[in-house]
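For reference, entry-v9.txt (compact mmCIF, C-alpha atoms):
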# COMPACT_ATOMS: atom_id res chain seq x y z
CA MET A 284 -15.98 -53.32 24.00
CA VAL A 285 -18.76 -52.04 21.78
CA TRP A 286 -20.14 -49.90 24.52
CA VAL A 287 -16.71 -48.24 25.00
CA SER A 288 -16.57 -47.16 21.36
CA ALA A 289 -20.17 -45.95 21.53
CA LEU A 290 -19.43 -44.01 24.71
CA TRP A 291 -16.27 -42.55 23.13
CA SER A 292 -18.17 -41.37 20.05
CA LEU A 293 -20.86 -39.78 22.23
CA LEU A 294 -18.24 -37.88 24.23
CA ALA A 295 -15.99 -36.99 21.29
CA LEU A 296 -18.66 -35.47 19.04
CA PRO A 297 -19.56 -32.51 21.29
CA ILE A 298 -15.89 -31.84 22.01
CA LEU A 299 -14.95 -31.88 18.32
CA GLY A 300 -17.98 -29.79 17.45
CA THR A 301 -17.06 -27.22 20.08
CA LEU A 302 -13.48 -27.05 18.82
CA ALA A 303 -14.69 -26.60 15.26
CA LEU A 304 -17.05 -23.81 16.37
CA ILE A 305 -14.25 -22.04 18.26
CA ALA A 306 -11.97 -22.29 15.21
CA TYR A 307 -14.73 -20.87 13.01
CA TYR A 308 -15.27 -17.87 15.31
CA VAL A 309 -11.54 -17.19 15.59
CA TRP A 310 -11.11 -17.40 11.82
CA ASN A 311 -14.02 -15.03 11.13
CA SER A 312 -12.87 -12.48 13.71
CA ARG A 313 -9.38 -12.46 12.20
CA SER A 314 -10.71 -12.13 8.68
CA GLU A 315 -12.86 -9.19 9.81
CA GLU A 316 -9.77 -7.57 11.33
CA HIS A 317 -7.88 -8.10 8.06
CA ARG A 318 -10.74 -6.57 6.05
CA LYS A 319 -10.70 -3.56 8.36
CA LEU A 320 -6.91 -3.21 8.00
CA ARG A 321 -7.14 -3.40 4.19
CA ARG A 322 -9.94 -0.83 4.09
CA GLU A 323 -8.11 1.60 6.39
CA GLY A 324 -4.88 1.08 4.46
CA ALA A 325 -6.51 1.96 1.17
CA GLU A 326 -8.06 5.06 2.77
CA VAL A 327 -4.58 6.20 3.83
CA VAL A 328 -2.35 5.13 0.93
CA ILE A 329 -4.53 6.15 -2.04
CA PRO A 330 -4.59 9.89 -1.12
CA ALA A 331 -0.80 9.79 -0.73
CA LYS A 332 -0.53 8.12 -4.13
CA GLU A 333 -2.80 10.76 -5.67
CA LEU A 334 -0.63 13.49 -4.14
CA VAL A 335 2.51 11.94 -5.68
CA ASN A 336 0.73 11.52 -9.00
CA GLY A 337 0.23 15.29 -9.17
CA LEU A 338 3.90 16.01 -8.57
CA GLY A 339 6.94 15.68 -10.80
CA PRO A 340 7.82 17.70 -13.87
CA ASP A 341 4.52 16.91 -15.55
CA GLY A 342 2.61 18.18 -12.49
CA ILE A 343 4.19 21.64 -12.73
CA LEU A 344 4.14 21.94 -16.48
CA LEU A 345 1.13 24.21 -16.85
CA GLY A 346 0.43 27.51 -15.16
CA THR A 347 2.31 30.63 -14.25
CA ASP A 348 5.15 30.57 -11.76
CA GLU A 349 2.87 31.93 -9.03
CA GLN A 350 0.23 29.27 -9.69
CA VAL A 351 2.79 26.46 -9.68
CA ALA A 352 4.39 27.79 -6.49
CA ALA A 353 0.97 27.96 -4.83
CA TYR A 354 0.22 24.40 -6.01
CA LEU A 355 3.50 23.09 -4.59
CA ASP A 356 2.87 24.90 -1.31
CA ASP A 357 -0.59 23.32 -1.18
CA CYS A 358 0.88 19.86 -1.80
CA PHE A 359 3.49 20.46 0.87
CA LYS A 360 0.82 21.54 3.36
CA LYS A 361 -1.38 18.55 2.50
CA TRP A 362 1.50 16.16 3.17
CA TRP A 363 3.03 17.72 6.26
CA ASP A 364 0.37 19.94 7.86
CA GLY A 365 -2.80 18.46 6.38
CA GLY A 366 -2.29 15.14 8.04
CA LEU A 367 -1.63 12.78 5.12
CA ARG A 368 1.77 11.81 6.48
CA GLN A 369 0.51 11.63 10.05
CA ARG A 370 -2.40 9.37 9.08
CA LEU A 371 -0.05 7.11 7.13
CA MET A 372 2.41 6.82 10.01
CA ILE A 373 -0.34 6.16 12.57
CA TYR A 374 -1.74 3.41 10.36
CA LEU A 375 1.72 1.90 9.93
CA ASN A 376 2.43 1.98 13.66
CA HIS A 377 -0.77 0.02 14.34
CA HIS A 378 -0.33 -2.52 11.55
CA PRO A 379 0.82 -5.94 12.78
CA SER A 380 3.01 -6.71 9.75
CA GLY A 381 6.62 -5.58 9.88
CA ARG A 382 6.84 -5.72 6.09
CA VAL A 383 3.95 -3.25 5.72
CA ARG A 384 5.57 -0.94 8.28
CA SER A 385 8.94 -0.96 6.50
CA VAL A 386 7.46 -0.43 3.02
CA GLY A 387 5.20 2.33 4.37
CA GLU A 388 8.11 4.14 6.00
CA GLU A 389 9.99 3.94 2.69
CA LEU A 390 6.92 5.40 0.96
CA ALA A 391 6.79 8.30 3.44
CA VAL A 392 10.46 9.07 2.74
CA MET A 393 9.94 8.81 -1.03
CA VAL A 394 6.96 11.19 -0.96
CA GLY A 395 9.13 13.72 0.85
CA ILE A 396 11.89 13.24 -1.71
CA THR A 397 9.38 13.68 -4.53
CA LEU A 398 8.10 16.92 -3.00
CA ALA A 399 11.63 18.24 -2.59
CA SER A 400 12.84 17.20 -6.04
CA THR A 401 9.76 18.68 -7.71
CA ARG A 402 10.26 21.98 -5.89
CA TYR A 403 13.96 21.99 -6.75
CA HIS A 404 13.18 21.30 -10.40
CA PHE A 405 10.64 24.13 -10.38
CA LEU A 406 13.14 26.57 -8.88
CA MET A 407 16.01 25.55 -11.18
CA ARG A 408 14.17 24.94 -14.44
CA LYS A 409 14.98 28.36 -15.92
CA THR A 410 18.68 28.25 -15.05
CA ALA A 411 19.45 24.56 -15.55
CA THR A 412 21.81 23.65 -18.36
CA THR A 413 21.35 19.87 -18.11
CA MET A 414 18.38 17.58 -17.63
CA GLU A 415 19.58 16.22 -14.27
CA ASP A 416 16.91 17.99 -12.22
CA PHE A 417 14.18 16.82 -14.57
CA GLU A 418 15.43 13.23 -14.44
CA GLN A 419 15.74 13.27 -10.65
CA ALA A 420 12.20 14.58 -10.24
CA THR A 421 10.86 12.03 -12.73
CA ASN A 422 12.72 9.15 -11.05
CA ALA A 423 11.59 10.25 -7.59
CA LYS A 424 7.97 10.31 -8.73
CA ALA A 425 8.25 6.91 -10.42
CA ASN A 426 9.91 5.37 -7.35
CA ALA A 427 7.26 6.79 -5.01
CA LEU A 428 4.42 5.51 -7.20
CA ALA A 429 6.03 2.06 -7.39
CA LYS A 430 6.47 2.02 -3.60
CA ALA A 431 2.81 3.04 -3.12
CA ASP A 432 1.73 0.17 -5.38
CA GLU A 433 3.98 -2.20 -3.45
CA LEU A 434 2.48 -1.01 -0.15
CA LEU A 435 -1.06 -1.48 -1.44
CA GLY A 436 -0.09 -4.99 -2.56
CA GLU A 437 1.32 -5.77 0.89
CA ILE A 438 -1.80 -4.42 2.59
CA ARG A 439 -4.08 -6.46 0.35
CA ARG A 440 -2.09 -9.67 0.90
CA ARG A 441 -4.28 -12.21 2.60
CA TRP A 442 -1.80 -14.92 3.46
CA PRO A 443 1.76 -14.81 4.74
CA GLY A 444 4.41 -15.28 2.08
CA TRP A 445 5.32 -18.84 3.08
CA LEU A 446 1.68 -19.93 2.89
CA ARG A 447 0.65 -18.27 -0.36
CA ARG A 448 0.06 -20.21 -3.52
CA PRO A 449 2.62 -19.33 -6.18
CA GLU A 450 1.30 -17.34 -9.09
CA TRP A 451 1.61 -19.53 -12.13
CA PRO A 452 1.53 -17.77 -15.48
CA ARG A 453 -1.70 -18.39 -17.28
CA ARG A 454 -1.39 -19.65 -20.78
CA ARG A 455 -3.63 -18.32 -23.43
CA PRO A 456 -5.20 -20.90 -25.66
CA GLU A 457 -3.45 -20.93 -28.95
CA ALA A 458 -5.49 -20.03 -31.97
CA PRO A 459 -5.81 -22.80 -34.51
CA ALA A 460 -3.58 -22.40 -37.50
CA ALA A 461 -5.41 -21.34 -40.58
Please re-express this file's structure in structure tokens.
Amino acid sequence: MVWVSALWSLLALPILGTLALIAYYVWNSRSEEHRKLRREGAEVVIPAKELVNGLGPDGILLGTDEQVAAYLDDCFKKWWDGGLRQRLMIYLNHHPSGRVRSVGEELAVMVGITLASTRYHFLMRKTATTMEDFEQATNAKANALAKADELLGEIRRRWPGWLRRPEWPRRRPEAPAA
């Protein structure tokens, strides 16, 4: 009976060691893929966020009408013809997470809305009698920036939602009463 347990331990150790080594290699290859996805995502989303940050009523505040029109045309060309939107959509199509794809598609739509509302505000700012155009352009910019932050958060997520540790609020130590 003793020799059976000794034989079992001699056979089980290499098998368990091999399984542990395979699990280690699989885990590291997946983590490398996730690092690559996060890096590529930041390279795609941050320029789109910077583009949105330059739009809105505060982005067209300074300059002559010709300068602002040229700036808006440049932003439009960067988004549509310059490849920012295409790079974002290619990245989203290759990303394995459906949540990242849906948030990214919403971001692409919101950047387009921000471009259009900023241009509309620019064209109507001299004839407008209410602040509706200003508010729409400001809201569109704020929504697009919030969606870009949400997309960056989804890209940087390391664990699926059901596996993540909940974020508990950290309590600051209370100062002693004087």
Any idea what's packed within 12 Å of Phe417 in chain A, counting all atoms listed in the file, ignoring anything in its chain fewer than 5 positions away? Could you give it as a PyMOL selection string?
-> chain A and resi 338-344+397+400-409+411-412+422-424
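Residue nearest Gly337 in chain A within the list A:Met414, A:Val394, A:Gly436, A:Arg384: A:Val394 [criterion: smallest interatomic distance, all atoms listed in the file].
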For the atom pair CA of Ser385 in chain A and CA of Glu418 in chain A, what is the interatomic distance in Å to one decimal place?
-> 26.1 Å
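Proximity of A:Thr413, A:Asp357, A:Gly300, A:Tyr374 to Lys319 in chain A, computed with only C-alpha atoms, is greatest for A:Tyr374.
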The distance between CA of Leu334 in chain A and CA of Ala427 in chain A is 10.4 Å
So, counting all atoms listed in the file, which residue among A:Glu333, A:Asp416, A:Glu437, A:Glu315 is closest to His378 in chain A?
->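 For His378 in chain A, the nearest of the given residues is A:Glu437.
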Do you know which residues are at most 9 Å from Leu434 in chain A counting all atoms listed in the file, after dropping those on the same chain fewer than 4 positions away, and could you put them as a list in words?
->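 Answer for this query is Gly324, Val328, Arg382, Val383, Arg384, Val386, Gly387, Leu390, Ala429, Lys430, Ile438 and Arg439 of chain A.
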Closest of A:Pro297, A:Trp362, A:Asn376, A:Arg321 to Glu388 in chain A - atom-to-atom distances counting only C-alpha atoms =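 Once distances to Glu388 in chain A are computed over only C-alpha atoms, the minimum belongs to A:Asn376.
Closest to Val335 in chain A among A:Leu428, A:Ala352, A:Leu375, A:Leu367 is A:Leu428, based on only C-alpha atoms.
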Just give me the gap between CA of Arg322 in chain A and CA of Met372 in chain A in Å, one decimal is fine.
->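 One can read the CA of Arg322 in chain A to CA of Met372 in chain A distance as 15.7 Å.
Using all atoms listed in the file, the protein and nucleic acid residues lying at most 7 Å from the point (-5.9, 4.2, 7.1) are A:Glu323, A:Gly324, A:Ala325, A:Glu326, A:Val327, A:Arg370, A:Leu371, A:Tyr374.
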